[in-house]
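Input: a single structure, listed below in structure tokens.
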Amino acid sequence: MKELVIISGKGGTGKTSLTASFACLAHNAIIIDADVDAADLHLILKPEILKQEEFSGGSKANIDKNVCTKCSACIEVCNFDAVTDDFVIDAVECEGCKLCFEFCPENAVKFSRQICGEWYISDSRAGTMIHAKLGIAQENSGMLVSLLRREAQKAARQKGIPLIITDGPPGTGCPVIASVTGADAVLIITEPTLSGMHDMKRVKELTDLLKIPAMFCINKYDINTEITEEIQEFGSEHGLKFLGNIPYDSDLTKAMLAQKSLVEFSDNDTAKAVKDIWKNAGNFLAGLKDRLM
């Protein structure tokens with residue numbers, strides 16, 4: 001079983017569109033949408049939910065007014081000004097640090113597990129899809145991503161499916177680290193802009209740190225061929241496997257509006273470029289030794 005994670009270092013580079021096309025080309029893969037803060041792969045693949053579970057990650061404090069003596073110890077120790085003057089804890093401001101719990105002389109502060117979102121096992125036209133929805137302003141997205149990966153690995157083993165394709169979160173923070181740690185390979189999709197090149201370098205530093213083999217491709221490469229060449233040179237100099245370029249194409253937007261992947265919507269040169277990248281990624285994965293999960 002191989003696990004491929006598609007990441008970008010920033011939003012808006014075409015990561016989800018590429019993942020959707022890969023999912024449709026794979027025919028036999030488990031798909032994860034690990035961008036739990038702003039999931040959108042379901043808009044293209046239209047999954048039918050088979051299983052739905054609540055996700056609880058972290059605890060929030062609340063004060064039992066029947067026990068509280070209004071000594072103000074909680075107000076004094078709270079670094080986040082989460083305790084109001086009438087001894088109510090603001091759930092948005094509370095960071096769950098437990099100082100109020102530890103310092104309350106009357107044991108009036110209670111901690112309860114919080115429901116932060118939901119996760120799903122679904123059936124889509126591209127296969128089994130594991131995805132989630134994190135609540136607004138909720139934390140622990142890295143924990144939720146790890147849960148999705150465990151469920152995907154379990155499903156892949158049970159069904160004998162050889163590949164997991166993950167639409168990773170943007171950036172280089174905790175949810176990205178949770179999505180790529182222990183994966184077999186990462187595919188970085190970038191665009192020919194200064195910010196795209198900068199973020200690609202940051203993602204490359206992360207994959208180096210975690211010792212994960214990395215590939216890259218460039219979306220909308222023809223909008224700035226000079227920076228495209230610079231990115232290709234950077235990749236060559238730093239051991240990144242180049243898989244190919246994707247031209248700018250309005251059909252990508254039309255495909256999303258039609259709730260289809262590009263390779264389902266069109267057979268033009270852009271779709272053929274995506275198919276070539278998929279083939280090259282498969283060859284790269286086939287040449288890797290299995291990693292311990």
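Identifiers for the structure tokens are assigned positionally: chains receive A, B, ... in sequence, residues are indexed from 1 per chain, and ligands are indexed from 1 in the order shown.
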Just asking: which residues within stretch 73-164 of chain A are alpha helix (DSSP H) according to DSSP, as a JSON list (two decimals) with C-alpha atoms, in the first residue's frame?
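Printed below is states19.json as written:
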[["chain", "number", "residue", "atom", "x", "y", "z"],
["A", 73, "ALA", "CA", -8.56, 33.16, 41.28],
["A", 74, "CYS", "CA", -9.60, 32.05, 37.80],
["A", 75, "ILE", "CA", -9.66, 35.63, 36.50],
["A", 76, "GLU", "CA", -6.21, 36.32, 37.92],
["A", 77, "VAL", "CA", -4.50, 33.27, 36.35],
["A", 99, "LEU", "CA", -4.83, 27.01, 34.73],
["A", 100, "CYS", "CA", -8.23, 28.01, 36.07],
["A", 101, "PHE", "CA", -8.95, 24.36, 36.82],
["A", 102, "GLU", "CA", -5.65, 23.89, 38.66],
["A", 103, "PHE", "CA", -5.87, 27.08, 40.74],
["A", 141, "SER", "CA", -7.18, 20.09, 12.83],
["A", 142, "GLY", "CA", -3.93, 18.10, 12.95],
["A", 143, "MET", "CA", -5.57, 15.55, 15.25],
["A", 144, "LEU", "CA", -8.52, 15.27, 12.87],
["A", 145, "VAL", "CA", -6.22, 14.78, 9.87],
["A", 146, "SER", "CA", -4.42, 11.97, 11.71],
["A", 147, "LEU", "CA", -7.78, 10.32, 12.41],
["A", 148, "LEU", "CA", -8.73, 10.48, 8.72],
["A", 149, "ARG", "CA", -5.43, 8.89, 7.72],
["A", 150, "ARG", "CA", -5.88, 6.04, 10.20],
["A", 151, "GLU", "CA", -9.37, 5.36, 8.87],
["A", 152, "ALA", "CA", -8.12, 5.45, 5.28],
["A", 153, "GLN", "CA", -5.29, 3.04, 6.04],
["A", 154, "LYS", "CA", -7.73, 0.71, 7.78],
["A", 155, "ALA", "CA", -10.11, 0.81, 4.80],
["A", 156, "ALA", "CA", -7.28, 0.22, 2.33],
["A", 157, "ARG", "CA", -6.09, -2.84, 4.25],
["A", 158, "GLN", "CA", -9.61, -4.27, 4.60],
["A", 159, "LYS", "CA", -10.42, -3.81, 0.91]]
Might you pull out every residue within 12 Å of A:Thr13, with only C-alpha atoms counted and same-chain residues fewer than 3 positions away left off, and present them as a PyMOL selection string?
chain A and resi 6-10+16-19+169-171+188-193+195-197+199-200+217-221+246+248+252
Expected file contents, prior selection, C-alpha atoms, as a PDB file, in the first residue's frame:
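Dumped everything to part-v9.pdb:
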ATOM      1  CA  ILE A   6      -0.639  16.367  -2.742  1.00  0.00           C
ATOM      2  CA  ILE A   7       0.344  19.658  -1.100  1.00  0.00           C
ATOM      3  CA  SER A   8       0.989  23.169  -2.268  1.00  0.00           C
ATOM      4  CA  GLY A   9       2.376  25.452   0.428  1.00  0.00           C
ATOM      5  CA  LYS A  10      -0.466  27.896  -0.293  1.00  0.00           C
ATOM      6  CA  THR A  16      -7.849  19.939  -5.190  1.00  0.00           C
ATOM      7  CA  SER A  17      -8.456  19.914  -8.939  1.00  0.00           C
ATOM      8  CA  LEU A  18      -5.351  17.771  -9.451  1.00  0.00           C
ATOM      9  CA  THR A  19      -6.360  15.422  -6.626  1.00  0.00           C
ATOM     10  CA  PRO A 169      -4.008  21.200   3.530  1.00  0.00           C
ATOM     11  CA  PRO A 170      -2.231  24.343   2.304  1.00  0.00           C
ATOM     12  CA  GLY A 171       0.755  25.823   4.114  1.00  0.00           C
ATOM     13  CA  ILE A 188       4.064  19.580  -4.576  1.00  0.00           C
ATOM     14  CA  ILE A 189       1.931  21.578  -6.976  1.00  0.00           C
ATOM     15  CA  THR A 190       2.986  25.171  -7.423  1.00  0.00           C
ATOM     16  CA  GLU A 191       2.421  28.084  -9.768  1.00  0.00           C
ATOM     17  CA  PRO A 192       4.902  30.408 -11.515  1.00  0.00           C
ATOM     18  CA  THR A 193       4.714  33.359  -9.152  1.00  0.00           C
ATOM     19  CA  SER A 195       4.870  33.600  -3.748  1.00  0.00           C
ATOM     20  CA  GLY A 196       4.404  30.189  -5.359  1.00  0.00           C
ATOM     21  CA  MET A 197       8.147  29.662  -5.574  1.00  0.00           C
ATOM     22  CA  ASP A 199       6.031  28.528  -0.623  1.00  0.00           C
ATOM     23  CA  MET A 200       7.367  25.616  -2.645  1.00  0.00           C
ATOM     24  CA  CYS A 217       4.581  19.989 -11.033  1.00  0.00           C
ATOM     25  CA  ILE A 218       3.763  23.528 -12.114  1.00  0.00           C
ATOM     26  CA  ASN A 219       0.202  24.645 -12.751  1.00  0.00           C
ATOM     27  CA  LYS A 220      -0.527  27.528 -15.157  1.00  0.00           C
ATOM     28  CA  TYR A 221       3.138  27.354 -16.134  1.00  0.00           C
ATOM     29  CA  ILE A 246      -0.006  22.156 -16.688  1.00  0.00           C
ATOM     30  CA  TYR A 248      -3.518  27.739 -17.933  1.00  0.00           C
ATOM     31  CA  LEU A 252     -10.454  23.760 -15.152  1.00  0.00           C
TER      32      LEU A 252
END
Fewer than 4 positions away in the same chain doesn't count, so skip those; otherwise give me all residues within 7 Å of stretch 254-263 of chain A, counting only C-alpha atoms, as a PyMOL selection string.
chain A and resi 17+20-21+43-45+250+267+271
Selection file, N, CA and C atoms, as an mmCIF file, in the first residue's frame:
data_model
loop_
_atom_site.group_PDB
_atom_site.id
_atom_site.type_symbol
_atom_site.label_atom_id
_atom_site.label_comp_id
_atom_site.auth_asym_id
_atom_site.auth_seq_id
_atom_site.Cartn_x
_atom_site.Cartn_y
_atom_site.Cartn_z
ATOM 1 N N SER A 17 -8.124 20.315 -7.565
ATOM 2 C CA SER A 17 -8.456 19.914 -8.939
ATOM 3 C C SER A 17 -7.567 18.765 -9.402
ATOM 4 N N ALA A 20 -8.599 15.529 -7.581
ATOM 5 C CA ALA A 20 -9.822 14.958 -8.147
ATOM 6 C C ALA A 20 -9.532 14.196 -9.433
ATOM 7 N N SER A 21 -8.671 14.749 -10.278
ATOM 8 C CA SER A 21 -8.312 14.056 -11.517
ATOM 9 C C SER A 21 -7.551 12.770 -11.221
ATOM 10 N N LEU A 43 -17.070 18.857 -3.363
ATOM 11 C CA LEU A 43 -17.816 19.629 -4.358
ATOM 12 C C LEU A 43 -17.629 19.061 -5.756
ATOM 13 N N ILE A 44 -16.486 18.399 -5.989
ATOM 14 C CA ILE A 44 -16.208 17.798 -7.292
ATOM 15 C C ILE A 44 -16.646 16.337 -7.337
ATOM 16 N N LEU A 45 -16.322 15.585 -6.285
ATOM 17 C CA LEU A 45 -16.581 14.141 -6.313
ATOM 18 C C LEU A 45 -17.972 13.756 -5.815
ATOM 19 N N SER A 250 -9.121 27.599 -18.990
ATOM 20 C CA SER A 250 -10.411 27.928 -18.377
ATOM 21 C C SER A 250 -11.288 26.694 -18.196
ATOM 22 N N ASP A 267 -10.877 16.289 -22.839
ATOM 23 C CA ASP A 267 -9.762 15.475 -23.330
ATOM 24 C C ASP A 267 -8.766 16.363 -24.084
ATOM 25 N N ALA A 271 -5.829 18.324 -20.083
ATOM 26 C CA ALA A 271 -6.184 17.034 -19.487
ATOM 27 C C ALA A 271 -5.112 15.989 -19.788
#
Gap from atom CA of A:Ser179 to atom CA of A:Thr207 - Å, one decimal
11.5 Å
Find the spatial neighbours of A:Glu3, counting only C-alpha atoms, within a cut-off of 12 Å - ignore same-chain residues fewer than 6 positions away - and output them as number ranges by chain.
A: 29-32, 149-150, 152-153, 156, 161-168, 179-187, 212-213, 281-282, 285-286, 288-293
N, CA and C atoms of the current selection, written as a JSON list (two decimals), in the first residue's frame:
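Output contents, as saved in result.json:
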[["chain", "number", "residue", "atom", "x", "y", "z"],
["A", 29, "ALA", "N", -8.40, 3.40, -5.52],
["A", 29, "ALA", "CA", -7.67, 4.14, -4.49],
["A", 29, "ALA", "C", -8.65, 4.62, -3.42],
["A", 30, "ILE", "N", -8.13, 4.84, -2.22],
["A", 30, "ILE", "CA", -8.87, 5.52, -1.16],
["A", 30, "ILE", "C", -8.51, 7.00, -1.25],
["A", 31, "ILE", "N", -9.49, 7.87, -1.18],
["A", 31, "ILE", "CA", -9.24, 9.31, -1.31],
["A", 31, "ILE", "C", -9.49, 9.97, 0.05],
["A", 32, "ILE", "N", -8.56, 10.85, 0.46],
["A", 32, "ILE", "CA", -8.72, 11.62, 1.68],
["A", 32, "ILE", "C", -8.75, 13.10, 1.34],
["A", 149, "ARG", "N", -6.45, 9.77, 8.31],
["A", 149, "ARG", "CA", -5.43, 8.89, 7.72],
["A", 149, "ARG", "C", -5.52, 7.48, 8.29],
["A", 150, "ARG", "N", -5.74, 7.38, 9.59],
["A", 150, "ARG", "CA", -5.88, 6.04, 10.20],
["A", 150, "ARG", "C", -7.07, 5.29, 9.61],
["A", 152, "ALA", "N", -8.42, 5.77, 6.67],
["A", 152, "ALA", "CA", -8.12, 5.45, 5.28],
["A", 152, "ALA", "C", -7.20, 4.23, 5.19],
["A", 153, "GLN", "N", -6.20, 4.19, 6.03],
["A", 153, "GLN", "CA", -5.29, 3.04, 6.04],
["A", 153, "GLN", "C", -6.02, 1.76, 6.41],
["A", 156, "ALA", "N", -8.12, 0.75, 3.41],
["A", 156, "ALA", "CA", -7.28, 0.22, 2.33],
["A", 156, "ALA", "C", -6.84, -1.21, 2.63],
["A", 161, "ILE", "N", -6.87, -2.35, -1.15],
["A", 161, "ILE", "CA", -6.64, -1.25, -2.10],
["A", 161, "ILE", "C", -5.20, -0.77, -1.96],
["A", 162, "PRO", "N", -4.47, -0.67, -3.06],
["A", 162, "PRO", "CA", -3.02, -0.43, -2.98],
["A", 162, "PRO", "C", -2.59, 1.03, -2.84],
["A", 163, "LEU", "N", -3.52, 1.97, -2.94],
["A", 163, "LEU", "CA", -3.11, 3.38, -2.98],
["A", 163, "LEU", "C", -4.07, 4.26, -2.21],
["A", 164, "ILE", "N", -3.49, 5.21, -1.46],
["A", 164, "ILE", "CA", -4.25, 6.28, -0.80],
["A", 164, "ILE", "C", -3.79, 7.60, -1.40],
["A", 165, "ILE", "N", -4.73, 8.39, -1.88],
["A", 165, "ILE", "CA", -4.43, 9.71, -2.45],
["A", 165, "ILE", "C", -5.02, 10.77, -1.53],
["A", 166, "THR", "N", -4.19, 11.66, -1.04],
["A", 166, "THR", "CA", -4.63, 12.66, -0.08],
["A", 166, "THR", "C", -4.53, 14.07, -0.64],
["A", 167, "ASP", "N", -5.63, 14.79, -0.56],
["A", 167, "ASP", "CA", -5.65, 16.23, -0.85],
["A", 167, "ASP", "C", -5.23, 16.93, 0.44],
["A", 168, "GLY", "N", -3.97, 17.34, 0.51],
["A", 168, "GLY", "CA", -3.43, 17.89, 1.75],
["A", 168, "GLY", "C", -3.85, 19.33, 1.99],
["A", 179, "SER", "N", -0.62, 15.41, 7.80],
["A", 179, "SER", "CA", -1.03, 14.75, 6.56],
["A", 179, "SER", "C", 0.13, 14.07, 5.84],
["A", 180, "VAL", "N", 1.36, 14.52, 6.05],
["A", 180, "VAL", "CA", 2.48, 13.97, 5.28],
["A", 180, "VAL", "C", 3.40, 13.05, 6.08],
["A", 181, "THR", "N", 3.40, 13.16, 7.40],
["A", 181, "THR", "CA", 4.30, 12.34, 8.22],
["A", 181, "THR", "C", 4.05, 10.86, 7.97],
["A", 182, "GLY", "N", 5.08, 10.15, 7.56],
["A", 182, "GLY", "CA", 4.96, 8.72, 7.30],
["A", 182, "GLY", "C", 4.41, 8.37, 5.95],
["A", 183, "ALA", "N", 4.05, 9.35, 5.12],
["A", 183, "ALA", "CA", 3.56, 9.06, 3.77],
["A", 183, "ALA", "C", 4.70, 8.56, 2.90],
["A", 184, "ASP", "N", 4.35, 7.88, 1.82],
["A", 184, "ASP", "CA", 5.38, 7.35, 0.93],
["A", 184, "ASP", "C", 5.98, 8.43, 0.04],
["A", 185, "ALA", "N", 5.16, 9.37, -0.38],
["A", 185, "ALA", "CA", 5.66, 10.43, -1.26],
["A", 185, "ALA", "C", 4.73, 11.63, -1.20],
["A", 186, "VAL", "N", 5.30, 12.77, -1.54],
["A", 186, "VAL", "CA", 4.56, 14.03, -1.61],
["A", 186, "VAL", "C", 4.69, 14.59, -3.02],
["A", 187, "LEU", "N", 3.59, 15.09, -3.53],
["A", 187, "LEU", "CA", 3.61, 15.82, -4.80],
["A", 187, "LEU", "C", 3.29, 17.27, -4.50],
["A", 212, "ILE", "N", 10.76, 12.65, 3.41],
["A", 212, "ILE", "CA", 9.74, 12.10, 2.52],
["A", 212, "ILE", "C", 10.11, 12.42, 1.07],
["A", 213, "PRO", "N", 10.17, 11.43, 0.20],
["A", 213, "PRO", "CA", 10.46, 11.70, -1.21],
["A", 213, "PRO", "C", 9.44, 12.66, -1.81],
["A", 281, "ALA", "N", 3.83, 10.17, -11.78],
["A", 281, "ALA", "CA", 3.74, 9.98, -10.33],
["A", 281, "ALA", "C", 3.65, 8.50, -10.00],
["A", 282, "GLY", "N", 2.89, 7.76, -10.79],
["A", 282, "GLY", "CA", 2.78, 6.32, -10.57],
["A", 282, "GLY", "C", 4.11, 5.61, -10.74],
["A", 285, "LEU", "N", 6.18, 6.35, -7.63],
["A", 285, "LEU", "CA", 5.74, 5.57, -6.49],
["A", 285, "LEU", "C", 6.17, 4.11, -6.62],
["A", 286, "ALA", "N", 6.09, 3.60, -7.84],
["A", 286, "ALA", "CA", 6.45, 2.19, -8.07],
["A", 286, "ALA", "C", 7.93, 1.93, -7.77],
["A", 288, "LEU", "N", 9.60, 3.30, -5.34],
["A", 288, "LEU", "CA", 9.92, 3.50, -3.93],
["A", 288, "LEU", "C", 9.76, 2.24, -3.14],
["A", 289, "LYS", "N", 10.61, 2.08, -2.14],
["A", 289, "LYS", "CA", 10.42, 0.99, -1.18],
["A", 289, "LYS", "C", 9.29, 1.36, -0.24],
["A", 290, "ASP", "N", 8.60, 0.35, 0.28],
["A", 290, "ASP", "CA", 7.51, 0.60, 1.23],
["A", 290, "ASP", "C", 8.08, 1.23, 2.50],
["A", 291, "ARG", "N", 7.34, 2.24, 3.00],
["A", 291, "ARG", "CA", 7.71, 2.87, 4.28],
["A", 291, "ARG", "C", 6.91, 2.24, 5.39],
["A", 292, "LEU", "N", 7.48, 2.23, 6.58],
["A", 292, "LEU", "CA", 6.76, 1.71, 7.75],
["A", 292, "LEU", "C", 5.71, 2.71, 8.18],
["A", 293, "MET", "N", 4.49, 2.28, 8.43],
["A", 293, "MET", "CA", 3.42, 3.17, 8.85],
["A", 293, "MET", "C", 3.24, 3.09, 10.35]]
Can you tell me, as a list in words, what residues are no more than 7 Å from A:Lys110 when counting only C-alpha atoms, ignoring any on the same chain fewer than 5 positions away?
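Contacts, in chain order: Ala61, Asn62, Ile63 and Phe101 of chain A.
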Long-range neighbours of A:Asn283 as JSON, numbers by chain, 12 Å cut-off, only C-alpha atoms, 3 positions minimum in chain:
{"A": [185, 215, 241, 243, 276, 277, 278, 279, 280, 286, 287, 288]}
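Distance annotation: of A:Val109, A:Ile223, A:Glu233, A:Ala126, the residue with the minimal separation from A:Cys24 is A:Ala126; atom set is only C-alpha atoms.
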Check stretch 20-124 of chain A with DSSP on the backbone and list each residue it calls strand (DSSP E), as JSON, numbers by chain.
{"A": [30, 31, 32, 33, 48, 49, 50, 51, 52, 53, 54, 55, 56, 57, 58, 59, 60, 61, 62, 63, 109, 110, 111, 112, 113, 114, 115, 116, 117, 118, 119, 120, 121, 122, 123, 124]}
Determine, counting only C-alpha atoms, which protein, DNA and RNA residues have an atom within 7 Å of an atom of stretch 49-59 of chain A; residues of the same chain fewer than 6 positions away are not included. Present the result as a PyMOL selection string.
chain A and resi 96+111-123+140
Keeping N, CA and C atoms, export the residues of the selection given above as a PDB file, in the first residue's frame.
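Final file, result.pdb:
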ATOM      1  N   GLY A  96      -8.117  26.249  26.708  1.00  0.00           N
ATOM      2  CA  GLY A  96      -8.035  24.928  27.307  1.00  0.00           C
ATOM      3  C   GLY A  96      -6.744  24.650  28.048  1.00  0.00           C
ATOM      4  N   PHE A 111     -13.997  20.622  33.260  1.00  0.00           N
ATOM      5  CA  PHE A 111     -13.549  20.526  31.876  1.00  0.00           C
ATOM      6  C   PHE A 111     -14.387  19.484  31.161  1.00  0.00           C
ATOM      7  N   SER A 112     -14.916  19.865  30.020  1.00  0.00           N
ATOM      8  CA  SER A 112     -15.725  18.928  29.235  1.00  0.00           C
ATOM      9  C   SER A 112     -15.153  18.810  27.827  1.00  0.00           C
ATOM     10  N   ARG A 113     -15.204  17.613  27.307  1.00  0.00           N
ATOM     11  CA  ARG A 113     -14.723  17.352  25.949  1.00  0.00           C
ATOM     12  C   ARG A 113     -15.619  18.078  24.951  1.00  0.00           C
ATOM     13  N   GLN A 114     -15.015  18.721  23.969  1.00  0.00           N
ATOM     14  CA  GLN A 114     -15.770  19.513  23.002  1.00  0.00           C
ATOM     15  C   GLN A 114     -15.932  18.787  21.674  1.00  0.00           C
ATOM     16  N   ILE A 115     -17.136  18.845  21.127  1.00  0.00           N
ATOM     17  CA  ILE A 115     -17.370  18.351  19.771  1.00  0.00           C
ATOM     18  C   ILE A 115     -16.917  19.443  18.805  1.00  0.00           C
ATOM     19  N   CYS A 116     -15.869  19.154  18.041  1.00  0.00           N
ATOM     20  CA  CYS A 116     -15.255  20.168  17.168  1.00  0.00           C
ATOM     21  C   CYS A 116     -15.691  20.055  15.713  1.00  0.00           C
ATOM     22  N   GLY A 117     -16.248  18.919  15.345  1.00  0.00           N
ATOM     23  CA  GLY A 117     -16.615  18.739  13.949  1.00  0.00           C
ATOM     24  C   GLY A 117     -17.129  17.332  13.702  1.00  0.00           C
ATOM     25  N   GLU A 118     -17.128  16.934  12.438  1.00  0.00           N
ATOM     26  CA  GLU A 118     -17.598  15.606  12.036  1.00  0.00           C
ATOM     27  C   GLU A 118     -16.640  15.023  11.001  1.00  0.00           C
ATOM     28  N   TRP A 119     -16.583  13.702  10.955  1.00  0.00           N
ATOM     29  CA  TRP A 119     -15.819  13.055   9.891  1.00  0.00           C
ATOM     30  C   TRP A 119     -16.681  11.969   9.248  1.00  0.00           C
ATOM     31  N   TYR A 120     -16.347  11.658   8.005  1.00  0.00           N
ATOM     32  CA  TYR A 120     -17.227  10.807   7.207  1.00  0.00           C
ATOM     33  C   TYR A 120     -16.437   9.748   6.433  1.00  0.00           C
ATOM     34  N   ILE A 121     -17.077   8.617   6.253  1.00  0.00           N
ATOM     35  CA  ILE A 121     -16.648   7.638   5.250  1.00  0.00           C
ATOM     36  C   ILE A 121     -17.738   7.634   4.190  1.00  0.00           C
ATOM     37  N   SER A 122     -17.348   7.904   2.956  1.00  0.00           N
ATOM     38  CA  SER A 122     -18.327   8.065   1.887  1.00  0.00           C
ATOM     39  C   SER A 122     -17.959   7.235   0.671  1.00  0.00           C
ATOM     40  N   ASP A 123     -18.938   7.081  -0.194  1.00  0.00           N
ATOM     41  CA  ASP A 123     -18.721   6.423  -1.484  1.00  0.00           C
ATOM     42  C   ASP A 123     -18.825   7.496  -2.563  1.00  0.00           C
ATOM     43  N   ASN A 140      -7.319  21.772  16.710  1.00  0.00           N
ATOM     44  CA  ASN A 140      -7.020  20.342  16.621  1.00  0.00           C
ATOM     45  C   ASN A 140      -7.248  19.773  15.231  1.00  0.00           C
TER      46      ASN A 140
END
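The closest residue to A:Asn66, picked from A:Asp269, A:Glu226, A:Glu106, A:Asp249 and counting only C-alpha atoms, is A:Glu106.
Atom CA of A:Lys46 to atom CA of A:Pro175 spans 23.5 Å [interatomic distance, one decimal].
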Any idea what the distance is between atom CA of A:Lys275 and atom CA of A:Ala23?
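Atom CA of A:Ala23 lies 11.3 Å from atom CA of A:Lys275.
The nearest approach to A:Ile177 among the residues A:Asn224, A:Leu206, A:Lys201, A:Gly160, with only C-alpha atoms taken into account, belongs to A:Leu206.
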